[in-house]
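Printed here is upload-v3.tsv (TSV, C-alpha atoms):
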```tsv
chain	number	residue	atom	x	y	z
P	523	MET	CA	14.01	24.88	-2.24
P	524	GLU	CA	12.84	23.71	-5.64
P	525	ARG	CA	13.86	20.18	-4.69
P	526	MET	CA	11.80	20.36	-1.48
P	527	ILE	CA	8.69	21.40	-3.38
P	528	THR	CA	9.23	18.55	-5.84
P	529	VAL	CA	9.56	15.99	-3.04
P	530	PHE	CA	6.52	17.44	-1.30
P	531	LEU	CA	4.27	17.37	-4.37
P	532	ALA	CA	5.52	13.98	-5.51
P	533	SER	CA	4.78	12.40	-2.14
P	534	ILE	CA	1.21	13.70	-2.26
P	535	LEU	CA	0.33	13.03	-5.89
P	536	THR	CA	2.58	10.76	-7.92
P	537	HIS	CA	4.07	8.70	-5.10
P	538	ASN	CA	1.02	8.71	-2.84
P	539	ILE	CA	1.71	6.36	0.04
P	540	ALA	CA	-1.80	4.90	0.10
P	541	LEU	CA	-2.70	4.76	-3.57
P	542	THR	CA	0.67	3.96	-5.17
P	543	TYR	CA	2.46	1.98	-2.48
P	544	ILE	CA	-0.75	0.54	-0.99
P	545	LEU	CA	0.13	1.17	2.66
P	546	GLY	CA	-2.06	1.82	5.67
P	547	MET	CA	-4.99	-0.14	4.31
P	548	CYS	CA	-6.29	-1.60	7.60
P	549	PRO	CA	-7.41	1.75	9.08
P	550	MET	CA	-8.46	2.79	5.58
P	551	ILE	CA	-11.05	0.00	5.63
P	552	ALA	CA	-12.02	0.27	9.29
P	553	ILE	CA	-12.38	4.04	9.70
P	554	SER	CA	-13.69	5.24	6.34
P	555	LYS	CA	-17.37	4.76	7.09
P	556	ASN	CA	-18.06	8.44	7.65
P	557	LEU	CA	-16.35	11.61	6.60
P	558	LYS	CA	-15.94	13.20	10.02
P	559	THR	CA	-14.01	10.39	11.67
P	560	ALA	CA	-12.00	9.85	8.49
P	561	LYS	CA	-10.88	13.49	8.64
P	562	GLY	CA	-9.94	13.11	12.32
P	563	MET	CA	-7.87	10.04	11.54
P	564	GLY	CA	-6.26	11.83	8.60
P	565	VAL	CA	-5.17	14.82	10.69
P	566	SER	CA	-3.76	12.58	13.42
P	567	VAL	CA	-1.80	10.56	10.86
P	568	VAL	CA	-0.35	13.74	9.30
P	569	ALA	CA	0.89	14.86	12.73
P	570	VAL	CA	2.34	11.49	13.72
P	571	ILE	CA	4.02	10.77	10.37
P	572	THR	CA	5.65	14.22	10.27
P	573	ILE	CA	6.97	13.93	13.82
P	574	THR	CA	8.20	10.33	13.64
P	575	GLY	CA	9.72	10.75	10.18
P	576	THR	CA	11.69	13.73	11.44
P	577	ILE	CA	12.81	12.02	14.67
P	578	ASN	CA	13.82	8.77	13.01
P	579	TRP	CA	16.23	10.47	10.59
P	580	PRO	CA	18.86	11.52	13.19
P	581	ILE	CA	18.31	8.23	15.01
P	582	TYR	CA	19.19	6.30	11.87
P	583	ARG	CA	22.33	8.44	11.40
P	584	PHE	CA	23.35	7.64	14.96
P	585	LEU	CA	22.79	3.90	14.48
P	586	LYS	CA	24.68	3.94	11.19
P	587	ASN	CA	27.70	5.66	12.73
P	588	ASN	CA	27.76	2.92	15.36
P	589	ASP	CA	27.38	0.09	12.81
P	590	ALA	CA	24.02	-0.97	14.21
P	591	GLU	CA	21.75	-0.45	11.16
P	592	THR	CA	20.33	-3.93	11.69
P	593	LEU	CA	18.54	-2.65	14.75
P	594	SER	CA	16.90	0.26	12.92
P	595	LEU	CA	13.57	-1.56	12.47
P	596	LEU	CA	13.30	-2.28	16.16
P	597	VAL	CA	14.28	1.25	17.13
P	598	PHE	CA	11.92	2.86	14.59
P	599	ILE	CA	8.90	0.99	15.88
P	600	ILE	CA	9.74	1.86	19.47
P	601	THR	CA	10.14	5.53	18.53
P	602	ILE	CA	6.76	5.47	16.84
P	603	ALA	CA	5.02	3.79	19.77
P	604	ALA	CA	6.66	6.21	22.22
P	605	THR	CA	5.79	9.28	20.14
P	606	VAL	CA	2.16	8.23	19.89
P	607	GLN	CA	1.95	7.59	23.61
P	608	LEU	CA	3.64	10.91	24.43
P	609	LEU	CA	1.42	12.84	22.05
P	610	GLU	CA	-1.63	11.26	23.64
P	611	MET	CA	-0.52	12.23	27.15
P	612	LEU	CA	0.46	15.79	26.15
P	613	LEU	CA	-2.84	16.40	24.39
P	614	ASP	CA	-4.77	14.99	27.31
P	615	LYS	CA	-2.94	17.28	29.71
P	616	PHE	CA	-2.76	20.55	27.81
P	617	ILE	CA	-5.36	20.62	25.03
P	618	PRO	CA	-8.30	18.49	26.26
P	619	SER	CA	-10.62	19.65	23.46
P	620	LEU	CA	-8.20	18.38	20.84
P	621	TYR	CA	-7.72	15.19	22.83
P	622	ASN	CA	-11.44	14.55	22.84
P	623	ALA	CA	-11.56	15.00	19.08
P	624	PHE	CA	-8.47	12.99	18.09
P	625	GLY	CA	-7.57	10.95	21.18
P	626	ILE	CA	-9.34	7.79	20.11
P	627	PHE	CA	-7.38	7.59	16.85
P	628	LEU	CA	-3.93	7.91	18.33
P	629	PRO	CA	-3.45	4.36	19.73
P	630	LEU	CA	-4.48	2.93	16.37
P	631	ILE	CA	-1.76	4.78	14.54
P	632	THR	CA	1.07	2.68	15.98
P	633	VAL	CA	-0.03	-0.22	13.81
P	634	ASN	CA	-0.62	1.91	10.70
P	635	CYS	CA	2.03	0.60	8.33
P	636	ALA	CA	2.22	3.93	6.48
P	637	VAL	CA	3.97	5.49	9.49
P	638	LEU	CA	6.76	2.92	9.66
P	639	ALA	CA	6.97	2.85	5.87
P	640	VAL	CA	7.74	6.57	5.65
P	641	SER	CA	10.74	6.14	7.95
P	642	LEU	CA	11.94	3.09	5.99
P	643	PHE	CA	11.49	4.75	2.57
P	644	SER	CA	13.43	7.80	3.69
P	645	VAL	CA	16.31	5.51	4.69
P	646	ASN	CA	16.11	3.38	1.54
P	647	ARG	CA	16.19	6.41	-0.75
P	648	ALA	CA	18.96	8.13	1.25
P	649	LEU	CA	17.00	11.39	1.60
P	650	GLY	CA	18.57	14.36	3.37
P	651	PHE	CA	17.13	15.82	6.56
P	652	LEU	CA	15.01	18.60	5.04
P	653	GLU	CA	13.88	16.28	2.26
P	654	THR	CA	12.77	13.77	4.88
P	655	VAL	CA	10.73	16.42	6.68
P	656	PHE	CA	8.93	17.43	3.49
P	657	PHE	CA	8.57	13.82	2.36
P	658	SER	CA	7.00	12.82	5.71
P	659	PHE	CA	4.62	15.78	5.74
P	660	GLY	CA	3.64	15.18	2.11
P	661	SER	CA	3.08	11.47	2.63
P	662	GLY	CA	0.90	12.16	5.65
P	663	LEU	CA	-1.17	14.63	3.64
P	664	GLY	CA	-1.41	12.15	0.77
P	665	TRP	CA	-2.72	9.46	3.10
P	666	ALA	CA	-5.23	11.88	4.63
P	667	LEU	CA	-6.38	12.88	1.13
P	668	ALA	CA	-6.92	9.24	0.18
P	669	ILE	CA	-8.94	8.34	3.29
P	670	THR	CA	-11.05	11.51	2.98
P	671	LEU	CA	-11.88	10.76	-0.67
P	672	ILE	CA	-12.79	7.15	0.12
P	673	ALA	CA	-14.94	8.13	3.11
P	674	ALA	CA	-16.80	10.76	1.07
P	675	ILE	CA	-17.58	8.23	-1.66
P	676	ARG	CA	-18.65	5.60	0.89
P	677	GLU	CA	-21.05	8.06	2.49
P	678	LYS	CA	-22.66	8.70	-0.89
P	679	ILE	CA	-22.91	4.97	-1.60
P	680	ALA	CA	-24.51	4.33	1.79
P	681	LEU	CA	-27.15	6.98	0.99
P	682	ASN	CA	-28.40	5.81	-2.37
P	683	GLY	CA	-26.50	2.82	-3.67
P	684	LYS	CA	-26.89	-0.93	-3.39
P	685	VAL	CA	-23.77	-3.01	-2.85
P	686	PRO	CA	-23.80	-6.79	-3.50
P	687	SER	CA	-23.70	-8.57	-0.14
P	688	GLY	CA	-20.34	-10.24	-0.81
P	689	LEU	CA	-18.71	-6.91	-1.62
P	690	GLU	CA	-19.89	-5.00	1.46
P	691	GLY	CA	-17.28	-3.49	3.77
P	692	ALA	CA	-13.73	-4.27	2.71
P	693	GLY	CA	-14.64	-5.28	-0.84
P	694	ILE	CA	-16.26	-2.02	-1.84
P	695	VAL	CA	-13.39	-0.03	-0.30
P	696	MET	CA	-11.04	-1.94	-2.59
P	697	VAL	CA	-13.13	-1.03	-5.63
P	698	ILE	CA	-13.26	2.66	-4.63
P	699	ALA	CA	-9.53	2.73	-3.90
P	700	GLY	CA	-8.84	1.06	-7.24
P	701	ILE	CA	-10.78	3.69	-9.16
P	702	ILE	CA	-9.16	6.57	-7.27
P	703	SER	CA	-5.70	5.13	-7.76
P	704	LEU	CA	-6.41	4.77	-11.49
P	705	ALA	CA	-7.19	8.48	-11.46
P	706	PHE	CA	-3.97	9.18	-9.56
P	707	ILE	CA	-1.96	7.36	-12.24
P	708	GLY	CA	-2.98	10.31	-14.39
P	709	PHE	CA	-0.61	12.45	-12.31
P	710	GLY	CA	2.27	10.18	-13.35
P	711	GLY	CA	5.24	12.04	-14.79
P	712	LEU	CA	4.01	15.36	-13.38
P	713	VAL	CA	6.73	15.40	-10.72
P	714	ASN	CA	9.38	12.83	-9.95
P	715	PHE	CA	12.16	12.37	-7.47
U	680	MET	CA	-17.14	-42.40	11.20
U	681	LYS	CA	-13.58	-41.50	11.92
U	682	LEU	CA	-13.74	-38.51	9.62
U	683	ILE	CA	-16.69	-37.09	11.49
U	684	ARG	CA	-14.89	-37.39	14.79
U	685	VAL	CA	-11.85	-35.60	13.35
U	686	ARG	CA	-14.06	-32.64	12.49
U	687	TYR	CA	-14.76	-31.98	16.15
U	688	THR	CA	-11.21	-32.03	17.49
U	689	LYS	CA	-9.68	-28.72	18.46
U	690	TRP	CA	-6.82	-29.28	16.00
U	691	TYR	CA	-9.13	-29.53	13.02
U	692	GLN	CA	-11.24	-26.61	14.21
U	693	LEU	CA	-8.20	-24.36	14.56
U	694	LEU	CA	-6.81	-25.27	11.16
U	695	SER	CA	-10.07	-24.85	9.29
U	696	LYS	CA	-10.79	-21.58	11.09
U	697	GLY	CA	-7.42	-20.07	10.19
U	698	ILE	CA	-7.41	-21.21	6.58
U	699	PHE	CA	-11.08	-20.90	5.55
U	700	LYS	CA	-13.66	-19.67	8.00
U	701	ASP	CA	-11.71	-16.82	9.58
U	702	ASN	CA	-9.17	-16.44	6.79
U	703	PRO	CA	-7.17	-13.35	7.82
U	704	ILE	CA	-7.58	-11.65	4.46
U	705	TYR	CA	-11.04	-12.14	3.03
U	706	ALA	CA	-12.95	-12.76	6.25
U	707	MET	CA	-11.15	-10.49	8.72
U	708	ALA	CA	-9.67	-7.94	6.26
U	709	LEU	CA	-6.33	-7.94	8.10
U	710	GLY	CA	-2.87	-7.62	6.59
U	711	ILE	CA	-4.18	-6.26	3.33
U	712	CYS	CA	-1.36	-3.82	2.58
U	713	SER	CA	1.29	-6.45	1.99
U	714	ALA	CA	-1.17	-8.76	0.27
U	715	LEU	CA	-1.78	-6.03	-2.29
U	716	ALA	CA	1.68	-4.60	-2.59
U	717	VAL	CA	3.82	-7.68	-3.19
U	718	THR	CA	1.49	-9.81	-5.29
U	719	ASN	CA	2.59	-8.56	-8.71
U	720	ARG	CA	4.77	-11.69	-9.10
U	721	VAL	CA	4.25	-15.21	-7.75
U	722	GLU	CA	7.86	-15.35	-6.56
U	723	ASN	CA	7.36	-12.31	-4.31
U	724	ALA	CA	4.10	-13.71	-2.98
U	725	ILE	CA	5.76	-16.98	-1.97
U	726	GLY	CA	8.64	-15.13	-0.30
U	727	MET	CA	6.27	-12.87	1.61
U	728	GLY	CA	4.04	-15.81	2.58
U	729	ILE	CA	6.98	-17.71	4.02
U	730	GLY	CA	8.17	-14.61	5.86
U	731	VAL	CA	4.83	-13.86	7.49
U	732	THR	CA	4.26	-17.53	8.40
U	733	PHE	CA	7.70	-17.74	9.99
U	734	VAL	CA	7.22	-14.55	12.00
U	735	LEU	CA	3.72	-15.63	13.02
U	736	ILE	CA	4.83	-19.03	14.29
U	737	ALA	CA	7.86	-17.67	16.11
U	738	SER	CA	6.12	-14.72	17.74
U	739	SER	CA	2.93	-16.61	18.66
U	740	GLY	CA	5.02	-19.42	20.14
U	741	THR	CA	7.15	-17.04	22.18
U	742	THR	CA	4.22	-14.94	23.34
U	743	SER	CA	2.37	-18.04	24.46
U	744	LEU	CA	5.48	-19.39	26.19
U	745	ILE	CA	5.94	-16.24	28.30
U	746	ARG	CA	2.23	-15.32	28.55
U	747	LYS	CA	2.17	-15.70	32.34
U	748	PHE	CA	5.02	-13.17	32.76
U	749	ILE	CA	3.75	-10.41	30.46
U	750	PRO	CA	2.19	-7.59	32.51
U	751	GLY	CA	-1.15	-6.60	31.01
U	752	ARG	CA	-0.33	-2.92	30.66
U	753	VAL	CA	2.77	-3.32	28.53
U	754	ARG	CA	1.72	-6.34	26.49
U	755	MET	CA	1.49	-4.40	23.21
U	756	VAL	CA	5.06	-3.19	23.48
U	757	THR	CA	6.17	-6.71	24.36
U	758	TYR	CA	4.55	-8.10	21.22
U	759	MET	CA	6.13	-5.38	19.13
U	760	VAL	CA	9.63	-6.04	20.41
U	761	LEU	CA	9.22	-9.81	19.91
U	762	ILE	CA	7.79	-9.39	16.42
U	763	SER	CA	10.42	-6.92	15.27
U	764	THR	CA	13.18	-9.22	16.52
U	765	TYR	CA	11.90	-12.06	14.34
U	766	VAL	CA	11.34	-9.75	11.39
U	767	ILE	CA	14.94	-8.57	11.58
U	768	ALA	CA	16.05	-12.22	11.69
U	769	PHE	CA	13.97	-13.00	8.59
U	770	GLN	CA	15.33	-9.95	6.79
U	771	LEU	CA	18.92	-10.97	7.49
U	772	ILE	CA	18.27	-14.56	6.31
U	773	LEU	CA	16.68	-13.21	3.13
U	774	GLN	CA	19.58	-10.87	2.43
U	775	ALA	CA	22.12	-13.64	3.02
U	776	PHE	CA	20.56	-16.40	0.90
U	777	PHE	CA	18.02	-14.80	-1.47
U	778	PHE	CA	19.47	-11.41	-2.24
U	779	GLU	CA	17.46	-10.86	-5.45
U	780	LEU	CA	14.18	-11.53	-3.65
U	781	SER	CA	15.14	-9.23	-0.79
U	782	LEU	CA	15.65	-6.40	-3.31
U	783	GLN	CA	12.26	-7.12	-4.91
U	784	LEU	CA	10.41	-7.07	-1.58
U	785	GLY	CA	12.33	-3.99	-0.42
U	786	ALA	CA	10.79	-2.20	2.53
U	787	TYR	CA	7.86	-4.62	2.63
U	788	THR	CA	9.78	-7.26	4.61
U	789	GLY	CA	10.31	-4.66	7.34
U	790	LEU	CA	6.64	-3.85	7.22
U	791	ILE	CA	5.73	-7.36	8.41
U	792	ILE	CA	6.06	-5.75	11.87
U	793	THR	CA	2.93	-3.70	11.31
U	794	ASN	CA	1.08	-6.54	9.62
U	795	CYS	CA	-2.08	-6.67	11.70
U	796	ILE	CA	-2.32	-10.46	11.41
U	797	VAL	CA	0.80	-11.06	13.50
U	798	MET	CA	-0.16	-8.62	16.21
U	799	GLY	CA	-3.79	-9.73	16.08
U	800	ARG	CA	-2.96	-13.40	16.62
U	801	SER	CA	-0.73	-12.56	19.57
U	802	GLU	CA	-3.42	-10.47	21.20
U	803	ALA	CA	-6.46	-12.57	20.33
U	804	PHE	CA	-5.05	-16.07	20.69
U	805	ALA	CA	-1.48	-16.69	21.80
U	806	VAL	CA	-1.66	-14.70	25.01
U	807	LYS	CA	-4.54	-16.85	26.29
U	808	ASN	CA	-3.69	-20.32	24.98
U	809	PRO	CA	-1.00	-23.00	25.52
U	810	VAL	CA	1.99	-23.23	23.21
U	811	HIS	CA	0.96	-26.11	20.94
U	812	PHE	CA	-2.42	-24.57	20.11
U	813	SER	CA	-0.85	-21.16	19.54
U	814	VAL	CA	1.69	-22.59	17.10
U	815	LEU	CA	-1.05	-24.50	15.27
U	816	ASP	CA	-3.18	-21.36	15.09
U	817	ALA	CA	-0.20	-19.45	13.72
U	818	ILE	CA	0.45	-22.12	11.08
U	819	ALA	CA	-3.21	-22.07	10.02
U	820	ASN	CA	-3.29	-18.29	9.71
U	821	GLY	CA	0.05	-18.23	7.92
U	822	LEU	CA	-1.22	-20.80	5.42
U	823	GLY	CA	-4.47	-18.89	4.91
U	824	TYR	CA	-2.48	-15.72	4.24
U	825	SER	CA	-0.01	-17.41	1.88
U	826	PHE	CA	-2.84	-19.11	-0.02
U	827	THR	CA	-4.49	-15.74	-0.67
U	828	LEU	CA	-1.24	-14.13	-1.75
U	829	ILE	CA	-0.45	-16.93	-4.18
U	830	VAL	CA	-3.92	-16.88	-5.77
U	831	LEU	CA	-3.80	-13.09	-6.22
U	832	SER	CA	-0.27	-13.16	-7.62
U	833	ILE	CA	-1.06	-15.94	-10.13
U	834	VAL	CA	-3.90	-13.85	-11.57
U	835	ARG	CA	-1.88	-10.64	-11.60
U	836	GLU	CA	1.33	-12.08	-13.00
U	837	ILE	CA	-0.43	-13.81	-15.90
U	838	LEU	CA	-2.44	-10.69	-16.78
U	839	ALA	CA	0.38	-8.20	-16.31
U	840	PHE	CA	3.41	-10.02	-17.71
U	841	GLY	CA	2.01	-13.16	-19.37
U	842	THR	CA	4.32	-15.28	-17.23
U	843	LEU	CA	4.10	-17.63	-14.26
U	844	LEU	CA	7.13	-17.77	-11.95
U	845	GLY	CA	9.06	-16.23	-14.84
U	846	PHE	CA	8.01	-18.83	-17.46
U	847	ARG	CA	5.96	-17.60	-20.38
U	848	VAL	CA	2.48	-19.17	-20.35
U	849	VAL	CA	0.50	-17.20	-22.95
U	850	GLY	CA	0.60	-17.22	-26.74
U	851	GLU	CA	2.31	-14.83	-29.16
U	852	GLY	CA	-0.51	-12.37	-29.61
U	853	TRP	CA	-0.73	-11.48	-25.91
U	854	VAL	CA	-0.54	-7.82	-24.96
U	855	ASN	CA	0.66	-7.17	-21.41
U	856	TRP	CA	-1.96	-5.51	-19.23
U	857	THR	CA	0.48	-3.32	-17.33
U	858	VAL	CA	-2.07	-1.73	-15.01
U	859	MET	CA	-2.46	-5.15	-13.34
U	860	ALA	CA	1.10	-4.89	-12.01
U	861	MET	CA	0.38	-1.46	-10.51
U	862	ALA	CA	-1.79	-0.40	-7.59
U	863	PRO	CA	-5.22	-0.24	-9.34
U	864	GLY	CA	-4.86	-3.81	-10.58
U	865	ALA	CA	-4.07	-4.93	-7.05
U	866	PHE	CA	-7.18	-3.23	-5.70
U	867	PHE	CA	-9.51	-4.65	-8.36
U	868	VAL	CA	-8.19	-8.22	-8.18
U	869	MET	CA	-8.46	-8.10	-4.39
U	870	ALA	CA	-12.05	-6.82	-4.57
U	871	LEU	CA	-13.02	-9.62	-6.94
U	872	TYR	CA	-11.27	-12.22	-4.82
U	873	MET	CA	-13.05	-11.02	-1.66
U	874	TRP	CA	-16.37	-11.03	-3.45
U	875	ILE	CA	-15.93	-14.59	-4.73
U	876	MET	CA	-14.56	-16.01	-1.48
U	877	ARG	CA	-17.16	-14.36	0.71
U	878	THR	CA	-19.96	-15.57	-1.50
U	879	ILE	CA	-18.58	-19.12	-1.38
U	880	ALA	CA	-18.16	-18.94	2.40
U	881	LYS	CA	-21.75	-17.78	2.78
U	882	LEU	CA	-23.15	-20.52	0.56
U	883	ASP	CA	-21.15	-23.03	2.55
U	884	GLN	CA	-22.64	-21.76	5.80
U	885	GLU	CA	-26.17	-21.99	4.47
U	886	GLY	CA	-25.55	-25.50	3.19
U	887	ALA	CA	-24.25	-26.72	6.54
```
For the structure just supplied, provide its representation as structure tokens.
Amino acid sequence: MERMITVFLASILTHNIALTYILGMCPMIAISKNLKTAKGMGVSVVAVITITGTINWPIYRFLKNNDAETLSLLVFIITIAATVQLLEMLLDKFIPSLYNAFGIFLPLITVNCAVLAVSLFSVNRALGFLETVFFSFGSGLGWALAITLIAAIREKIALNGKVPSGLEGAGIVMVIAGIISLAFIGFGGLVNF
Amino acid sequence: MKLIRVRYTKWYQLLSKGIFKDNPIYAMALGICSALAVTNRVENAIGMGIGVTFVLIASSGTTSLIRKFIPGRVRMVTYMVLISTYVIAFQLILQAFFFELSLQLGAYTGLIITNCIVMGRSEAFAVKNPVHFSVLDAIANGLGYSFTLIVLSIVREILAFGTLLGFRVVGEGWVNWTVMAMAPGAFFVMALYMWIMRTIAKLDQEGA
């Protein structure tokens, strides 16, 4: 159990998927203009990463036993696309209120590299099943934390700050992300796995 | 006279658009993750640039070749399958001939699949245009991407390690600026690069 907590905390703080491995930057730039949508995107990513990370683990075992690891990339991406599509349909059918809140973010998640990266990292580091579940959940939360922080800061800047015209949009997000990730380096050595 | 006429051909337009005007990174803000993550050394940047250019050319060419047979509803999945096939091919080539580099790039070669540039070019250009223009467009975008990666990695490698492609380029008293090799350095160098390039692009527009 101790190991699970370590993996979980490390994937949120010291090995944050957005701020340490720099993944999932495209939606980070596009959807961090206001806090509410950023939160919606964050929650959807947490759900999708946890589900796909968990599903891809047994799939990789199966491929490995059949000597077809080469195909894992192709299979992972299809799993992710299928999961997203299925989730969208299920939400639409059974929980329409949730679908209205998060539905628009779901199609975008397929091309969020953080989702595929979590599956690949879990394979590369040879994590066990339970570890993978905690790692996926933690990474999702870490990504959501990063986008929420950036969106909050951007809202404040939009209210009372002036940004040089060349830095508007993507540029200023890079500066904010840089400062936050400097702060996150401070967590270094806290937990490791 | 001839030079002026060249400027108005579709070939020139496509190339200049991909490399400068609509450069995937600083103008469109696409494919940023890999541009940030692998640019701590020039060697990695060149490897990644070649990889993305190869996948772009191959997948844009194929998409454009079969564009009349792709049903509109499942086109995204079709792109994904095509792209991941070429990415797997690139990964295998890298592991066979440049094993060291493949270890350095790690999971990031696999992540070319979710590089928005590749998907974006398929959706925005290749699916509507004939093969030769699609391939040219892919080459232009690949070059624009590689150019950015190499510029960023030159700055970061000199500041972080004091080397260039592994050769030492700074004097004795140099102290390595390690943060430049980590995530914050990537973010700051990218922000500066975007600022400079966007300002230049704007000035250019006003001048013309």
Could you give me, as a Markdown table, every chain U residue with an atom at most 10 Å from chain P, plus its closest atom pair and distance in Å to one decimal, counting all atoms listed in the file, rows ordered by chain then number?
```
| residue | atom | partner | partner_atom | distance |
| --- | --- | --- | --- | --- |
| U:Ile704 | CA | P:Ala692 | CA | 9.8 |
| U:Tyr705 | CA | P:Ala692 | CA | 8.3 |
| U:Ala706 | CA | P:Ala692 | CA | 9.2 |
| U:Met707 | CA | P:Ala692 | CA | 9.0 |
| U:Ala708 | CA | P:Ala692 | CA | 6.5 |
| U:Leu709 | CA | P:Cys548 | CA | 6.4 |
| U:Gly710 | CA | P:Cys548 | CA | 7.0 |
| U:Ile711 | CA | P:Met547 | CA | 6.3 |
| U:Cys712 | CA | P:Leu545 | CA | 5.2 |
| U:Ser713 | CA | P:Leu545 | CA | 7.7 |
| U:Ala714 | CA | P:Ile544 | CA | 9.4 |
| U:Leu715 | CA | P:Ile544 | CA | 6.8 |
| U:Ala716 | CA | P:Ile544 | CA | 5.9 |
| U:Val717 | CA | P:Ile544 | CA | 9.7 |
| U:Met755 | CA | P:Ala603 | CA | 9.6 |
| U:Val756 | CA | P:Ala603 | CA | 7.9 |
| U:Met759 | CA | P:Ile599 | CA | 7.7 |
| U:Val760 | CA | P:Leu596 | CA | 6.8 |
| U:Leu761 | CA | P:Leu596 | CA | 9.3 |
| U:Ile762 | CA | P:Leu596 | CA | 9.0 |
| U:Ser763 | CA | P:Leu596 | CA | 5.5 |
| U:Thr764 | CA | P:Leu596 | CA | 7.0 |
| U:Val766 | CA | P:Leu595 | CA | 8.6 |
| U:Ile767 | CA | P:Thr592 | CA | 7.1 |
| U:Ala768 | CA | P:Thr592 | CA | 9.3 |
| U:Gln770 | CA | P:Thr592 | CA | 9.2 |
| U:Leu771 | CA | P:Thr592 | CA | 8.3 |
| U:Gly785 | CA | P:Asn646 | CA | 8.5 |
| U:Ala786 | CA | P:Leu642 | CA | 6.4 |
| U:Tyr787 | CA | P:Ala639 | CA | 8.2 |
| U:Gly789 | CA | P:Leu595 | CA | 6.8 |
| U:Leu790 | CA | P:Cys635 | CA | 6.5 |
| U:Ile791 | CA | P:Cys635 | CA | 8.8 |
| U:Ile792 | CA | P:Cys635 | CA | 8.3 |
| U:Thr793 | CA | P:Val633 | CA | 5.2 |
| U:Asn794 | CA | P:Cys635 | CA | 7.3 |
| U:Cys795 | CA | P:Val633 | CA | 7.1 |
| U:Met798 | CA | P:Val633 | CA | 8.7 |
| U:Val858 | CA | P:Leu704 | CA | 8.6 |
| U:Met861 | CA | P:Thr542 | CA | 7.6 |
| U:Ala862 | CA | P:Thr542 | CA | 5.6 |
| U:Pro863 | CA | P:Gly700 | CA | 4.4 |
| U:Gly864 | CA | P:Gly700 | CA | 7.1 |
| U:Ala865 | CA | P:Gly700 | CA | 7.7 |
| U:Phe866 | CA | P:Gly700 | CA | 4.9 |
| U:Phe867 | CA | P:Val697 | CA | 5.8 |
| U:Val868 | CA | P:Met696 | CA | 8.9 |
| U:Met869 | CA | P:Met696 | CA | 6.9 |
| U:Ala870 | CA | P:Gly693 | CA | 4.8 |
| U:Leu871 | CA | P:Gly693 | CA | 7.7 |
| U:Tyr872 | CA | P:Gly693 | CA | 8.7 |
| U:Met873 | CA | P:Gly693 | CA | 6.0 |
| U:Trp874 | CA | P:Gly688 | CA | 4.8 |
| U:Ile875 | CA | P:Gly688 | CA | 7.3 |
| U:Met876 | CA | P:Gly688 | CA | 8.2 |
| U:Arg877 | CA | P:Gly688 | CA | 5.4 |
| U:Thr878 | CA | P:Gly688 | CA | 5.4 |
| U:Ile879 | CA | P:Gly688 | CA | 9.1 |
| U:Ala880 | CA | P:Gly688 | CA | 9.5 |
| U:Lys881 | CA | P:Gly688 | CA | 8.5 |
```
For range 648-664 of chain P, what centre and edge lengths in Å (one decimal) does the axis-aligned box get once 6 Å is added on each side of all its listed atoms, as lines of an AutoDock Vina configuration file?
```
center_x = 8.8
center_y = 13.4
center_z = 3.7
size_x = 32.4
size_y = 22.5
size_z = 17.9
```
Need the shell around Glu653 in chain P: protein/DNA/RNA residues with any atom at most 10 Å away, counting all atoms listed in the file. Skip same-chain ones fewer than 6 positions apart. Format as an mmCIF file with C-alpha atoms, in the frame of the given file?
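Final file, selection-v6.cif:
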```cif
data_model
loop_
_atom_site.group_PDB
_atom_site.id
_atom_site.type_symbol
_atom_site.label_atom_id
_atom_site.label_comp_id
_atom_site.auth_asym_id
_atom_site.auth_seq_id
_atom_site.Cartn_x
_atom_site.Cartn_y
_atom_site.Cartn_z
ATOM 1 C CA MET P 523 14.010 24.880 -2.240
ATOM 2 C CA ARG P 525 13.860 20.180 -4.690
ATOM 3 C CA MET P 526 11.800 20.360 -1.480
ATOM 4 C CA ILE P 527 8.690 21.400 -3.380
ATOM 5 C CA THR P 528 9.230 18.550 -5.840
ATOM 6 C CA VAL P 529 9.560 15.990 -3.040
ATOM 7 C CA PHE P 530 6.520 17.440 -1.300
ATOM 8 C CA THR P 576 11.690 13.730 11.440
ATOM 9 C CA SER P 644 13.430 7.800 3.690
ATOM 10 C CA PHE P 659 4.620 15.780 5.740
#
```
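The interatomic distance for the pair CA of Ser566 in chain P and CA of Gly660 in chain P works out to 13.8 Å.
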Can you work out which one of U:Phe812, U:Phe826, U:Tyr691, U:Trp856 has the shortest atom-to-atom distance to Phe840 in chain U, counting all atoms listed in the file?
U:Trp856
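The coordinates place CA of Leu780 in chain U at 21.6 Å from CA of Ala737 in chain U.
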May I have the residues within 7 Å of Val655 in chain P as a count of residues only, using only C-alpha atoms and disregarding those fewer than 3 positions away in the same chain?
7
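Atom to atom, CA of Arg752 in chain U and CA of Thr788 in chain U stand 28.3 Å apart.
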Could I get range 771-783 of chain U from the block written out with C-alpha atoms, as a short mmCIF file (atom, residue, chain, number, x, y, z; two decimals), in the first residue's frame?
```cif
data_model
loop_
_atom_site.label_atom_id
_atom_site.label_comp_id
_atom_site.auth_asym_id
_atom_site.auth_seq_id
_atom_site.Cartn_x
_atom_site.Cartn_y
_atom_site.Cartn_z
CA LEU U 771 11.72 0.15 -35.60
CA ILE U 772 14.20 1.86 -37.97
CA LEU U 773 15.50 3.97 -35.09
CA GLN U 774 15.93 0.96 -32.81
CA ALA U 775 17.72 -1.00 -35.53
CA PHE U 776 20.22 1.65 -36.68
CA PHE U 777 20.41 4.37 -34.00
CA PHE U 778 19.86 2.51 -30.76
CA GLU U 779 21.43 5.19 -28.52
CA LEU U 780 19.17 7.89 -29.97
CA SER U 781 16.10 5.69 -29.58
CA LEU U 782 16.88 5.34 -25.86
CA GLN U 783 17.31 9.12 -25.53
#
```
